[in-house]
Amino acid sequence: MNGVKVVMKSVLFFMSELSAHIKISQIIFYSLLETGHATEMLIVQFQCQTMRPKHPPFKSAFCAYTTLSLMSMKSKFSFPLPPLNSMGSNPLPSFVIVLILLVLNGQGPMTAKVEAKSTVHIVYLGERQHDDPKRVTDSHHDLLATVVGSKEVASDLMVYSYRHGFSGFAAKLTESQAQKLSELPGVVRVIPNSLHRLQTTRSWDFLGLSSHYPNHVLQNSKMGDGVIIGVFDTGIWPESKAFSDEGLGPIPSHWKGVCKSGDQFNAATHCNRKIIGARWFIDGFLAEYGQPLNTSDDPEFLSPRDANGHGTHTSSTASGAYVRNVSYRGLLSGTVRGGAPRARLAIYKVCWNVLGGQCASADILKAFDEAIHDGVDVLSLSIGYSLPLFSDVDERDGIATGSFHAVARGITVVCGAANEGPSAQTVQNTAPWILTVAASTMDRALPTPIMLGNNKTFLGKAIFTGKEKGFTGLTYPEGTGLDPTSAGACQSLSLNSTLVAGKVVLCFASVTGRVAVRLAAATVQEAGGIGLIIAKNPSDALIECRDDFPCIEVDYEIGTRILYYIRSTKSPTVKLGHSKTLVGKPVSAKVAFFSSRGPSSIAPEILKPDITAPGVNILAATSQLDQWMDGGYAIHSGTSMATPHVSGIVALLKAIHPDWSPAAIKSALVTTARTKDASGFPLFAEGSPKKLANPFDFGGGIVNPNGAADPGLVYDMGLSDYIHYLCAMGYNNSAISRLTGQSTACPAEKPSFLDVNLPSITISSLRSSVTLTRTVTNVGSPNSIYRADIEPPTSMTVTVKPHILVFNSRTKKISFNVTVCATKQVNTGYFFGSLTWRNEQNAVRIPLSVKTEILGSYADDN
């Protein structure tokens, strides 16, 4: 979310953006490209050289991006990086494209180097064989000693011993040692360490949790008092008023964790009855990074203190205390608080302010191990990896494996869907035991007036509270030659300082990335311009520019009308007004443009994301080192911001229903979610073009906390259901047995995904008809009768047996069959519908997503 992300349509465009700001030499790119998105898989040898001092963020962004990409690739591919002079004779695999070799003049190179291979490996042993943590750790040293020769050497090589939630260890190993360990009895897998990335004043009122109204989940849960939320992120800024413990009672008795002192973090003074635990885990990351902290331009603390701001923002969104009269430069004013203001926070710093915010699998697994031991009730992770996804039993993911062990112990794990939208199949954190969160806007906007010299006014969007720009010159950089539009492209502006000085510039952006806009703003400022109007695909996630420089976004239609005015007038002028805060009608919530979409790329029958929550322009506490901070608060957007909204709501539900399983909580959220706005109109999803939202955009819909507290029925799941899923995925019995801690033999005939008891039905390949089973548990009135209400997908028939469910004091669970038939024998994309069980009090709705595939499988998901 917060890390600057380079979004491109081609690598030439990527280079054209950056070469204007950084002197670069000896750059080789091997890349898999996704049009309109960042290169996710990239090997780079580079030298970052001096750049203009006005642009340190862009230097950091480039150096961070290239170094990170090389580090990510180390664990993905085994082929060596060829030397600069052997490109012609060393052909690469077919999926790798040799893109460009540039040699530019430079001065005094600053070289960033990363070791060719990571030496840290994760040795995963599955469930614990002993309850005594010391015995578990001793067994790890004994096992390692059999390969490295002695316990002394084993102790030196050991990075972590995982001994609470599961058994395993991280150690520095050669490839041959890793191979020998993998062949020993009891070892499930030995895999290399890998890196993950980091992914309010109105949002709680928007979700129906205003503190002004009695008798809803906020009051009934006592604001989450007694519940412990564990946050895996970049740490915390403890001095923020958001973490005051005023009015809180004793620390919950089930807490077994600790608060550790460190660099500028004193456990005795910085932990309290709100921040009850704080740890940090860095050994796995340092082994990958290969150099000490604070060797880059970004400061960091070897402690739970947050240098980035991301962790403070997510923690305060989940469980921040009430802080009144907060605004961001005069905008979005009101009271800031978290979803569960009286819940307690346990901070697990696993992400580091290096290369935009990085987190190692070994550290994440250790945090899961300790959090399970510490007694957290909810875990919130605004962290993701990148496509392609690892399997659910691959510890390189770290999150899927660690979360399985947490969920098995009753801890709900909430993760972000990622920010790779609006393309399909980009959703991450897809395991069915994880609660995966997409991001939406809310009923709030920041309209910003643009008044032209011809007396016409248009409304753009911006975060602009600086000095208002009176009527001044307006210009568009016209191009010449074979590509007349190139000069006015935001991502590669070509400006004449004489023509631009003292004027507002209009440009057109072909991509939506933050870097393109901020580079354009920096270019305009350097040329003497005083403002920027960006025509782009509309998105409510606004990009703020530095130094109160106005960056006002409009869509292509308005941008074109402004351009026509410029071209029709000898001396065009414009006046840029201040941004205003608009709340309520006619603003309607939408799925955010950037929010990653389903279906899941590894198991399309498991609907992801599960739920949607506000994640756009969220105002919350941040680190004092956050470059976008105003008075200790900042506005950020991403599924990173949506995730803690749901984590806070889960804490409220846990306080009301302490006996509910993670699956029951997920079901309650999904089946009561809203698919329409406050006016009753269907929700839209931002994209190109904007479209009606469907389950692959928002899961069940926008989270409805008050409805989730009393869902009526839940689709519950336990260990046997997850084993059913793992068998359906085709994982071997040994891997499943080690993961679950019990001997498992999958049936000879592979089970169907369709019978996993999810609060959704997704059929990715319907040929004629299929029948599946679901089971619901009554958590409402003991004597209840529910009737099925079916909205079938287009060209399908859906029947449910039995059609009526009758519950009483003896009957709490009822299974039913759903038969879906295709009425037309043609291949289609996905069509959507719903199945709702209704009585007088409740409507328990699950989404249906069905694609017919009469011919064989082919790559076309939509």
# chains A, B, ... in the order shown; residues from 1 in each chain; ligands from 1
call {"tool": "select_by_dssp", "arguments": {"residues": "stretch 375-500 of chain A", "states": "helix (DSSP H, G or I)", "output": "MDAnalysis selection string"}}
result
chainID A and resid 399:408 486:488 490:492 497:500
call {"tool": "residues_around", "arguments": {"residues": "stretch 845-852 of chain A", "least_positions_apart": "6", "cutoff": "6 Å", "atoms": "only C-alpha atoms", "output": "list of chain:residue names"}}
result
A:Thr671, A:Pro759, A:Ser760, A:Ile761, A:Thr762, A:Ile763, A:Ser764, A:Ser765, A:Leu766, A:Arg767, A:Asn827, A:Thr828, A:Gly829, A:Tyr830, A:Phe831, A:Phe832, A:Gly833, A:Ser834, A:Leu835, A:Thr836
call {"tool": "write_last_selection", "arguments": {"atoms": "all heavy atoms", "output": "compact mmCIF listing (two decimals), in the first residue's frame"}}
result
# COMPACT_ATOMS: atom_id res chain seq x y z
N THR A 671 -22.48 -13.61 5.13
CA THR A 671 -23.91 -13.79 4.86
C THR A 671 -24.76 -12.58 5.20
O THR A 671 -25.94 -12.52 4.81
CB THR A 671 -24.45 -15.01 5.63
OG1 THR A 671 -24.28 -14.79 7.04
CG2 THR A 671 -23.73 -16.28 5.21
N PRO A 759 -19.41 -20.30 3.00
CA PRO A 759 -20.61 -19.46 2.85
C PRO A 759 -20.66 -18.85 1.44
O PRO A 759 -20.84 -17.64 1.26
CB PRO A 759 -20.42 -18.39 3.93
CG PRO A 759 -18.93 -18.26 4.04
CD PRO A 759 -18.36 -19.62 3.79
N SER A 760 -20.50 -19.68 0.45
CA SER A 760 -20.52 -19.27 -0.96
C SER A 760 -20.54 -20.54 -1.79
O SER A 760 -20.19 -21.62 -1.31
CB SER A 760 -19.29 -18.43 -1.32
OG SER A 760 -18.11 -19.19 -1.12
N ILE A 761 -20.94 -20.42 -3.05
CA ILE A 761 -20.88 -21.52 -4.01
C ILE A 761 -20.27 -20.99 -5.29
O ILE A 761 -20.82 -20.04 -5.90
CB ILE A 761 -22.27 -22.12 -4.28
CG1 ILE A 761 -22.85 -22.76 -3.01
CG2 ILE A 761 -22.21 -23.15 -5.42
CD1 ILE A 761 -24.29 -23.22 -3.15
N THR A 762 -19.15 -21.55 -5.69
CA THR A 762 -18.49 -21.16 -6.93
C THR A 762 -18.23 -22.41 -7.75
O THR A 762 -17.58 -23.34 -7.28
CB THR A 762 -17.16 -20.44 -6.65
OG1 THR A 762 -17.39 -19.32 -5.79
CG2 THR A 762 -16.54 -19.94 -7.95
N ILE A 763 -18.76 -22.44 -8.97
CA ILE A 763 -18.59 -23.57 -9.88
C ILE A 763 -17.84 -23.04 -11.10
O ILE A 763 -18.39 -22.25 -11.87
CB ILE A 763 -19.94 -24.19 -10.27
CG1 ILE A 763 -20.72 -24.60 -9.00
CG2 ILE A 763 -19.74 -25.39 -11.18
CD1 ILE A 763 -22.14 -25.05 -9.27
N SER A 764 -16.61 -23.48 -11.27
CA SER A 764 -15.77 -22.91 -12.33
C SER A 764 -15.92 -23.65 -13.65
O SER A 764 -15.42 -23.18 -14.67
CB SER A 764 -14.30 -22.93 -11.90
OG SER A 764 -13.85 -24.27 -11.73
N SER A 765 -16.58 -24.81 -13.66
CA SER A 765 -16.69 -25.59 -14.89
C SER A 765 -17.95 -26.46 -14.83
O SER A 765 -17.89 -27.64 -14.49
CB SER A 765 -15.44 -26.47 -15.08
OG SER A 765 -15.53 -27.23 -16.25
N LEU A 766 -19.08 -25.88 -15.17
CA LEU A 766 -20.35 -26.59 -15.16
C LEU A 766 -20.65 -27.10 -16.57
O LEU A 766 -20.78 -26.32 -17.51
CB LEU A 766 -21.48 -25.67 -14.68
CG LEU A 766 -22.88 -26.29 -14.68
CD1 LEU A 766 -22.98 -27.41 -13.65
CD2 LEU A 766 -23.93 -25.22 -14.41
N ARG A 767 -20.75 -28.43 -16.72
CA ARG A 767 -21.02 -29.00 -18.04
C ARG A 767 -22.51 -29.22 -18.26
O ARG A 767 -23.06 -28.86 -19.30
CB ARG A 767 -20.24 -30.29 -18.22
CG ARG A 767 -18.73 -30.04 -18.31
CD ARG A 767 -17.95 -31.33 -18.50
NE ARG A 767 -16.52 -31.03 -18.56
CZ ARG A 767 -15.85 -30.80 -19.67
NH1 ARG A 767 -16.49 -30.83 -20.83
NH2 ARG A 767 -14.56 -30.53 -19.66
N ASN A 827 -20.23 -22.41 -23.87
CA ASN A 827 -19.24 -21.90 -22.93
C ASN A 827 -19.56 -20.45 -22.59
O ASN A 827 -19.89 -19.65 -23.49
CB ASN A 827 -17.84 -21.97 -23.54
CG ASN A 827 -17.26 -23.37 -23.49
OD1 ASN A 827 -17.99 -24.35 -23.37
ND2 ASN A 827 -15.95 -23.47 -23.57
N THR A 828 -19.47 -20.10 -21.32
CA THR A 828 -19.78 -18.74 -20.88
C THR A 828 -18.69 -18.22 -19.95
O THR A 828 -17.81 -18.98 -19.54
CB THR A 828 -21.12 -18.68 -20.12
OG1 THR A 828 -20.97 -19.36 -18.86
CG2 THR A 828 -22.23 -19.32 -20.92
N GLY A 829 -18.78 -16.97 -19.63
CA GLY A 829 -18.04 -16.44 -18.50
C GLY A 829 -18.84 -16.71 -17.24
O GLY A 829 -19.83 -17.46 -17.25
N TYR A 830 -18.43 -16.11 -16.13
CA TYR A 830 -19.16 -16.32 -14.87
C TYR A 830 -20.46 -15.51 -14.86
O TYR A 830 -20.50 -14.35 -15.27
CB TYR A 830 -18.30 -15.90 -13.68
CG TYR A 830 -17.29 -16.94 -13.26
CD1 TYR A 830 -15.98 -16.86 -13.67
CD2 TYR A 830 -17.67 -18.01 -12.45
CE1 TYR A 830 -15.04 -17.81 -13.28
CE2 TYR A 830 -16.75 -18.97 -12.05
CZ TYR A 830 -15.44 -18.87 -12.47
OH TYR A 830 -14.53 -19.82 -12.09
N PHE A 831 -21.52 -16.17 -14.38
CA PHE A 831 -22.77 -15.49 -14.06
C PHE A 831 -22.98 -15.61 -12.55
O PHE A 831 -22.47 -16.54 -11.91
CB PHE A 831 -23.96 -16.10 -14.80
CG PHE A 831 -23.97 -15.79 -16.27
CD1 PHE A 831 -23.74 -16.79 -17.21
CD2 PHE A 831 -24.22 -14.51 -16.72
CE1 PHE A 831 -23.76 -16.52 -18.56
CE2 PHE A 831 -24.23 -14.21 -18.07
CZ PHE A 831 -24.00 -15.22 -19.01
N PHE A 832 -23.75 -14.67 -12.00
CA PHE A 832 -23.83 -14.56 -10.55
C PHE A 832 -25.28 -14.55 -10.07
O PHE A 832 -26.17 -14.05 -10.74
CB PHE A 832 -23.12 -13.29 -10.07
CG PHE A 832 -21.70 -13.21 -10.55
CD1 PHE A 832 -21.37 -12.49 -11.68
CD2 PHE A 832 -20.69 -13.88 -9.88
CE1 PHE A 832 -20.07 -12.43 -12.15
CE2 PHE A 832 -19.38 -13.84 -10.33
CZ PHE A 832 -19.06 -13.11 -11.46
N GLY A 833 -25.48 -15.13 -8.90
CA GLY A 833 -26.78 -15.14 -8.26
C GLY A 833 -26.61 -15.26 -6.77
O GLY A 833 -25.55 -14.92 -6.22
N SER A 834 -27.63 -15.76 -6.09
CA SER A 834 -27.53 -15.89 -4.63
C SER A 834 -28.53 -16.92 -4.13
O SER A 834 -29.53 -17.22 -4.78
CB SER A 834 -27.79 -14.54 -3.94
OG SER A 834 -29.12 -14.11 -4.17
N LEU A 835 -28.24 -17.46 -2.95
CA LEU A 835 -29.16 -18.32 -2.20
C LEU A 835 -29.30 -17.70 -0.82
O LEU A 835 -28.30 -17.52 -0.11
CB LEU A 835 -28.61 -19.74 -2.09
CG LEU A 835 -29.26 -20.65 -1.03
CD1 LEU A 835 -30.75 -20.84 -1.31
CD2 LEU A 835 -28.53 -21.99 -0.94
N THR A 836 -30.52 -17.36 -0.45
CA THR A 836 -30.78 -16.71 0.83
C THR A 836 -31.79 -17.52 1.63
O THR A 836 -32.87 -17.86 1.13
CB THR A 836 -31.33 -15.28 0.63
OG1 THR A 836 -30.44 -14.55 -0.22
CG2 THR A 836 -31.48 -14.56 1.96
call {"tool": "residues_around", "arguments": {"residues": "A:Ser176", "least_positions_apart": "3", "cutoff": "12 Å", "atoms": "only C-alpha atoms", "output": "PyMOL selection string"}}
result
chain A and resi 119+121+147-148+172-173+179-183+190
call {"tool": "write_last_selection", "arguments": {"atoms": "all heavy atoms", "output": "CSV table (one decimal), in the first residue's frame"}}
result
chain,number,residue,atom,x,y,z
A,119,THR,N,20.9,-17.9,2.3
A,119,THR,CA,21.4,-19.0,3.1
A,119,THR,C,20.4,-19.5,4.2
A,119,THR,O,20.6,-20.5,4.8
A,119,THR,CB,22.7,-18.7,3.8
A,119,THR,OG1,22.5,-17.6,4.6
A,119,THR,CG2,23.8,-18.4,2.7
A,121,HIS,N,17.1,-21.1,5.4
A,121,HIS,CA,16.0,-22.0,5.0
A,121,HIS,C,15.1,-22.3,6.1
A,121,HIS,O,15.5,-22.3,7.3
A,121,HIS,CB,16.6,-23.4,4.5
A,121,HIS,CG,17.4,-23.3,3.2
A,121,HIS,ND1,18.5,-22.6,3.1
A,121,HIS,CD2,17.1,-23.8,2.0
A,121,HIS,CE1,19.0,-22.7,1.8
A,121,HIS,NE2,18.1,-23.4,1.1
A,147,VAL,N,23.3,-33.0,10.7
A,147,VAL,CA,23.7,-32.6,9.3
A,147,VAL,C,25.0,-31.8,9.4
A,147,VAL,O,25.9,-31.9,8.6
A,147,VAL,CB,22.6,-31.9,8.6
A,147,VAL,CG1,23.1,-31.3,7.3
A,147,VAL,CG2,21.4,-32.9,8.3
A,148,VAL,N,25.0,-30.9,10.4
A,148,VAL,CA,26.2,-29.9,10.5
A,148,VAL,C,27.3,-30.4,11.4
A,148,VAL,O,28.3,-29.7,11.4
A,148,VAL,CB,25.6,-28.5,10.9
A,148,VAL,CG1,24.6,-28.0,9.9
A,148,VAL,CG2,25.1,-28.5,12.3
A,172,LYS,N,20.6,-21.1,8.9
A,172,LYS,CA,21.5,-20.8,7.8
A,172,LYS,C,22.1,-22.1,7.3
A,172,LYS,O,22.9,-22.7,8.0
A,172,LYS,CB,22.5,-19.8,8.2
A,172,LYS,CG,22.0,-18.5,8.7
A,172,LYS,CD,23.1,-17.5,9.2
A,172,LYS,CE,22.5,-16.2,9.7
A,172,LYS,NZ,23.5,-15.3,10.2
A,173,LEU,N,21.8,-22.4,6.0
A,173,LEU,CA,22.2,-23.7,5.5
A,173,LEU,C,22.8,-23.6,4.1
A,173,LEU,O,22.3,-22.7,3.3
A,173,LEU,CB,21.0,-24.7,5.4
A,173,LEU,CG,20.2,-25.0,6.7
A,173,LEU,CD1,19.0,-25.7,6.3
A,173,LEU,CD2,21.1,-25.7,7.6
A,179,GLN,N,19.5,-30.1,1.4
A,179,GLN,CA,19.1,-31.3,0.8
A,179,GLN,C,19.1,-32.5,1.8
A,179,GLN,O,18.2,-33.3,1.8
A,179,GLN,CB,20.0,-31.6,-0.4
A,179,GLN,CG,19.6,-32.8,-1.2
A,179,GLN,CD,18.2,-32.8,-1.8
A,179,GLN,OE1,17.7,-31.8,-2.2
A,179,GLN,NE2,17.6,-34.0,-1.8
A,180,LYS,N,20.2,-32.6,2.5
A,180,LYS,CA,20.3,-33.7,3.5
A,180,LYS,C,19.2,-33.6,4.5
A,180,LYS,O,18.6,-34.7,4.9
A,180,LYS,CB,21.7,-33.6,4.2
A,180,LYS,CG,22.8,-34.0,3.2
A,180,LYS,CD,24.2,-33.8,3.9
A,180,LYS,CE,25.3,-34.1,3.0
A,180,LYS,NZ,26.7,-33.9,3.7
A,181,LEU,N,18.9,-32.4,5.0
A,181,LEU,CA,17.8,-32.3,6.0
A,181,LEU,C,16.5,-32.7,5.5
A,181,LEU,O,15.7,-33.4,6.1
A,181,LEU,CB,17.8,-30.8,6.5
A,181,LEU,CG,18.6,-30.5,7.7
A,181,LEU,CD1,18.6,-28.9,7.9
A,181,LEU,CD2,18.1,-31.1,9.0
A,182,SER,N,16.2,-32.4,4.2
A,182,SER,CA,15.0,-32.7,3.6
A,182,SER,C,14.7,-34.2,3.5
A,182,SER,O,13.6,-34.7,3.4
A,182,SER,CB,14.8,-32.0,2.2
A,182,SER,OG,15.8,-32.6,1.3
A,183,GLU,N,15.8,-35.0,3.5
A,183,GLU,CA,15.7,-36.4,3.4
A,183,GLU,C,15.6,-37.1,4.7
A,183,GLU,O,15.4,-38.4,4.7
A,183,GLU,CB,17.0,-36.9,2.6
A,183,GLU,CG,17.1,-36.4,1.2
A,183,GLU,CD,18.4,-36.7,0.6
A,183,GLU,OE1,19.3,-37.2,1.3
A,183,GLU,OE2,18.6,-36.3,-0.6
A,190,VAL,N,11.9,-28.6,3.4
A,190,VAL,CA,13.0,-27.6,3.6
A,190,VAL,C,12.9,-26.6,2.4
A,190,VAL,O,13.1,-27.0,1.3
A,190,VAL,CB,14.4,-28.2,3.7
A,190,VAL,CG1,15.4,-27.2,3.9
A,190,VAL,CG2,14.4,-29.2,4.8
call {"tool": "select_by_dssp", "arguments": {"residues": "stretch 372-596 of chain A", "states": "strand (DSSP E or B)", "output": "PyMOL selection string"}}
result
chain A and resi 378-381+383-384+412-416+435-440+444-445+447-452+457-461+469-475+489+504-508+531-535+551-554+573-576+582-583+590-591
call {"tool": "write_last_selection", "arguments": {"atoms": "C-alpha atoms", "output": "JSON list (two decimals), in the first residue's frame"}}
result
[["chain", "number", "residue", "atom", "x", "y", "z"],
["A", 378, "VAL", "CA", -7.52, -12.05, 16.36],
["A", 379, "LEU", "CA", -4.56, -11.63, 14.00],
["A", 380, "SER", "CA", -4.46, -8.79, 11.47],
["A", 381, "LEU", "CA", -1.99, -9.00, 8.57],
["A", 383, "ILE", "CA", 0.85, -8.27, 4.13],
["A", 384, "GLY", "CA", 0.99, -10.17, 0.86],
["A", 412, "THR", "CA", -9.31, -15.63, 13.44],
["A", 413, "VAL", "CA", -6.72, -14.51, 10.88],
["A", 414, "VAL", "CA", -7.63, -11.48, 8.74],
["A", 415, "CYS", "CA", -5.52, -10.66, 5.66],
["A", 416, "GLY", "CA", -5.62, -8.18, 2.78],
["A", 435, "LEU", "CA", -10.60, -14.12, 6.15],
["A", 436, "THR", "CA", -9.56, -12.19, 3.02],
["A", 437, "VAL", "CA", -10.53, -8.52, 2.73],
["A", 438, "ALA", "CA", -11.09, -6.36, -0.36],
["A", 439, "ALA", "CA", -11.21, -2.55, -0.26],
["A", 440, "SER", "CA", -14.05, -0.16, -0.97],
["A", 444, "ARG", "CA", -17.24, 10.51, 1.31],
["A", 445, "ALA", "CA", -15.50, 12.49, -1.41],
["A", 447, "PRO", "CA", -14.35, 17.50, -4.63],
["A", 448, "THR", "CA", -11.95, 20.18, -5.86],
["A", 449, "PRO", "CA", -13.18, 22.95, -8.22],
["A", 450, "ILE", "CA", -11.41, 23.80, -11.49],
["A", 451, "MET", "CA", -12.69, 27.14, -12.88],
["A", 452, "LEU", "CA", -11.75, 27.92, -16.48],
["A", 457, "THR", "CA", -16.35, 24.96, -13.68],
["A", 458, "PHE", "CA", -15.50, 21.28, -13.34],
["A", 459, "LEU", "CA", -15.10, 19.23, -10.19],
["A", 460, "GLY", "CA", -11.95, 17.19, -9.87],
["A", 461, "LYS", "CA", -10.65, 15.20, -6.90],
["A", 469, "LYS", "CA", -4.36, 29.44, -7.19],
["A", 470, "GLY", "CA", -6.13, 32.50, -8.63],
["A", 471, "PHE", "CA", -6.69, 32.82, -12.35],
["A", 472, "THR", "CA", -3.40, 32.00, -14.01],
["A", 473, "GLY", "CA", -2.12, 30.55, -17.26],
["A", 474, "LEU", "CA", -3.14, 27.03, -18.31],
["A", 475, "THR", "CA", -1.16, 24.95, -20.78],
["A", 489, "ALA", "CA", 1.63, 12.04, -21.25],
["A", 504, "VAL", "CA", -0.98, 25.10, -14.45],
["A", 505, "VAL", "CA", -0.22, 22.10, -16.67],
["A", 506, "LEU", "CA", -2.74, 19.55, -18.01],
["A", 507, "CYS", "CA", -1.50, 16.03, -18.74],
["A", 508, "PHE", "CA", -3.08, 12.66, -19.58],
["A", 531, "GLY", "CA", -0.22, 23.24, -10.51],
["A", 532, "LEU", "CA", -1.14, 20.01, -12.30],
["A", 533, "ILE", "CA", -4.42, 18.65, -13.65],
["A", 534, "ILE", "CA", -4.22, 14.90, -14.34],
["A", 535, "ALA", "CA", -6.71, 13.24, -16.67],
["A", 551, "CYS", "CA", -2.45, 17.65, -8.18],
["A", 552, "ILE", "CA", -6.10, 17.53, -9.22],
["A", 553, "GLU", "CA", -7.48, 14.41, -10.87],
["A", 554, "VAL", "CA", -10.25, 14.39, -13.48],
["A", 573, "THR", "CA", -6.56, 30.62, -17.76],
["A", 574, "VAL", "CA", -7.67, 28.56, -14.78],
["A", 575, "LYS", "CA", -8.38, 28.94, -11.07],
["A", 576, "LEU", "CA", -7.85, 25.98, -8.75],
["A", 582, "LEU", "CA", -18.44, 15.89, 1.07],
["A", 583, "VAL", "CA", -20.21, 13.19, 3.10],
["A", 590, "LYS", "CA", -17.67, 1.37, -4.72],
["A", 591, "VAL", "CA", -15.10, -1.41, -4.79]]
call {"tool": "residues_around", "arguments": {"residues": "stretch 796-805 of chain A", "least_positions_apart": "5", "cutoff": "12 Å", "atoms": "only C-alpha atoms", "output": "ChimeraX atom specification"}}
result
/A:713,761,763,766-778,783-791,811-826,828,830-839,848-852
call {"tool": "atom_distance", "arguments": {"atom1": "atom CA of A:Ser497", "atom2": "atom CA of A:Ala520"}}
result
13.8 Å
call {"tool": "atom_distance", "arguments": {"atom1": "atom CA of A:Leu207", "atom2": "atom CA of A:Pro644"}}
result
13.5 Å
call {"tool": "closest_residue", "arguments": {"among": "A:Asp233, A:Glu478, A:Asp697, A:Glu420", "to": "A:Ile364", "atoms": "only C-alpha atoms"}}
result
A:Asp233
call {"tool": "closest_residue", "arguments": {"among": "A:Ala685, A:Val703, A:Val227, A:Leu495", "to": "A:Pro477", "atoms": "only C-alpha atoms"}}
result
A:Leu495
call {"tool": "residues_around", "arguments": {"residues": "A:Ile347", "least_positions_apart": "6", "cutoff": "6 Å", "atoms": "only C-alpha atoms", "output": "ChimeraX atom specification"}}
result
/A:230-231,277-278
call {"tool": "write_last_selection", "arguments": {"atoms": "N, CA, C and O atoms", "output": "PDB file, in the first residue's frame"}}
result
ATOM      1  N   GLY A 230      -3.744  -9.152  17.627  1.00  0.00           N
ATOM      2  CA  GLY A 230      -2.340  -9.174  17.259  1.00  0.00           C
ATOM      3  C   GLY A 230      -2.170  -8.580  15.874  1.00  0.00           C
ATOM      4  O   GLY A 230      -2.901  -8.934  14.945  1.00  0.00           O
ATOM      5  N   VAL A 231      -1.221  -7.666  15.722  1.00  0.00           N
ATOM      6  CA  VAL A 231      -0.986  -7.000  14.439  1.00  0.00           C
ATOM      7  C   VAL A 231       0.419  -7.324  13.960  1.00  0.00           C
ATOM      8  O   VAL A 231       1.400  -7.004  14.637  1.00  0.00           O
ATOM      9  N   GLY A 277       1.526  -5.976  24.435  1.00  0.00           N
ATOM     10  CA  GLY A 277       2.643  -6.798  23.988  1.00  0.00           C
ATOM     11  C   GLY A 277       3.342  -6.149  22.810  1.00  0.00           C
ATOM     12  O   GLY A 277       2.702  -5.460  21.999  1.00  0.00           O
ATOM     13  N   ALA A 278       4.640  -6.328  22.706  1.00  0.00           N
ATOM     14  CA  ALA A 278       5.395  -5.776  21.589  1.00  0.00           C
ATOM     15  C   ALA A 278       6.678  -6.591  21.408  1.00  0.00           C
ATOM     16  O   ALA A 278       7.476  -6.707  22.347  1.00  0.00           O
TER      17      ALA A 278
END
call {"tool": "closest_residue", "arguments": {"among": "A:Ala678, A:Ala268, A:Ile606, A:Ala340", "to": "A:His645", "atoms": "only C-alpha atoms"}}
result
A:Ala340
call {"tool": "closest_residue", "arguments": {"among": "A:Asp677, A:Gly290, A:Gly466, A:Ala655", "to": "A:Asp225", "atoms": "only C-alpha atoms"}}
result
A:Ala655
call {"tool": "closest_atom_pairs", "arguments": {"of": "stretch 678-759 of chain A", "to": "stretch 649-654 of chain A", "cutoff": "9 Å", "atoms": "only C-alpha atoms", "output": "tab-separated table"}}
result
residue	atom	partner	partner_atom	distance
A:Val703	CA	A:Ile649	CA	8.9
A:Pro705	CA	A:Ile649	CA	6.3
A:Ala708	CA	A:Leu653	CA	7.7
A:Ala709	CA	A:Leu653	CA	6.0
call {"tool": "closest_atom_pairs", "arguments": {"of": "stretch 629-738 of chain A", "to": "stretch 327-335 of chain A", "cutoff": "12 Å", "atoms": "only C-alpha atoms", "output": "CSV"}}
result
residue,atom,partner,partner_atom,distance
A:Met629,CA,A:Tyr328,CA,8.5
A:Asp630,CA,A:Tyr328,CA,6.1
A:Gly631,CA,A:Tyr328,CA,8.0
A:Gly632,CA,A:Tyr328,CA,9.5
A:Tyr633,CA,A:Tyr328,CA,7.0
A:Ala634,CA,A:Tyr328,CA,6.8
A:Ile635,CA,A:Tyr328,CA,7.4
A:His636,CA,A:Tyr328,CA,11.2
call {"tool": "closest_residue", "arguments": {"among": "A:Lys666, A:Arg344, A:Lys503, A:Arg561", "to": "A:Lys456", "atoms": "only C-alpha atoms"}}
result
A:Arg561
call {"tool": "closest_residue", "arguments": {"among": "A:Leu248, A:Ile229, A:Leu519, A:Ile434", "to": "A:Asp377", "atoms": "only C-alpha atoms"}}
result
A:Ile229
call {"tool": "residues_around", "arguments": {"residues": "A:Glu468", "least_positions_apart": "3", "cutoff": "8 Å", "atoms": "only C-alpha atoms", "output": "PyMOL selection string"}}
result
chain A and resi 465+576-578
call {"tool": "write_last_selection", "arguments": {"atoms": "N, CA and C atoms", "output": "PDB file, in the first residue's frame"}}
result
ATOM      1  N   THR A 465      -4.998  21.603   0.090  1.00  0.00           N
ATOM      2  CA  THR A 465      -5.383  22.636   1.058  1.00  0.00           C
ATOM      3  C   THR A 465      -4.354  23.765   1.104  1.00  0.00           C
ATOM      4  N   LEU A 576      -7.727  27.237  -9.477  1.00  0.00           N
ATOM      5  CA  LEU A 576      -7.847  25.975  -8.748  1.00  0.00           C
ATOM      6  C   LEU A 576      -8.308  26.258  -7.325  1.00  0.00           C
ATOM      7  N   GLY A 577      -9.447  25.694  -6.930  1.00  0.00           N
ATOM      8  CA  GLY A 577      -9.980  25.905  -5.589  1.00  0.00           C
ATOM      9  C   GLY A 577      -9.500  24.855  -4.612  1.00  0.00           C
ATOM     10  N   HIS A 578      -9.769  25.097  -3.331  1.00  0.00           N
ATOM     11  CA  HIS A 578      -9.411  24.141  -2.287  1.00  0.00           C
ATOM     12  C   HIS A 578     -10.330  22.918  -2.318  1.00  0.00           C
TER      13      HIS A 578
END
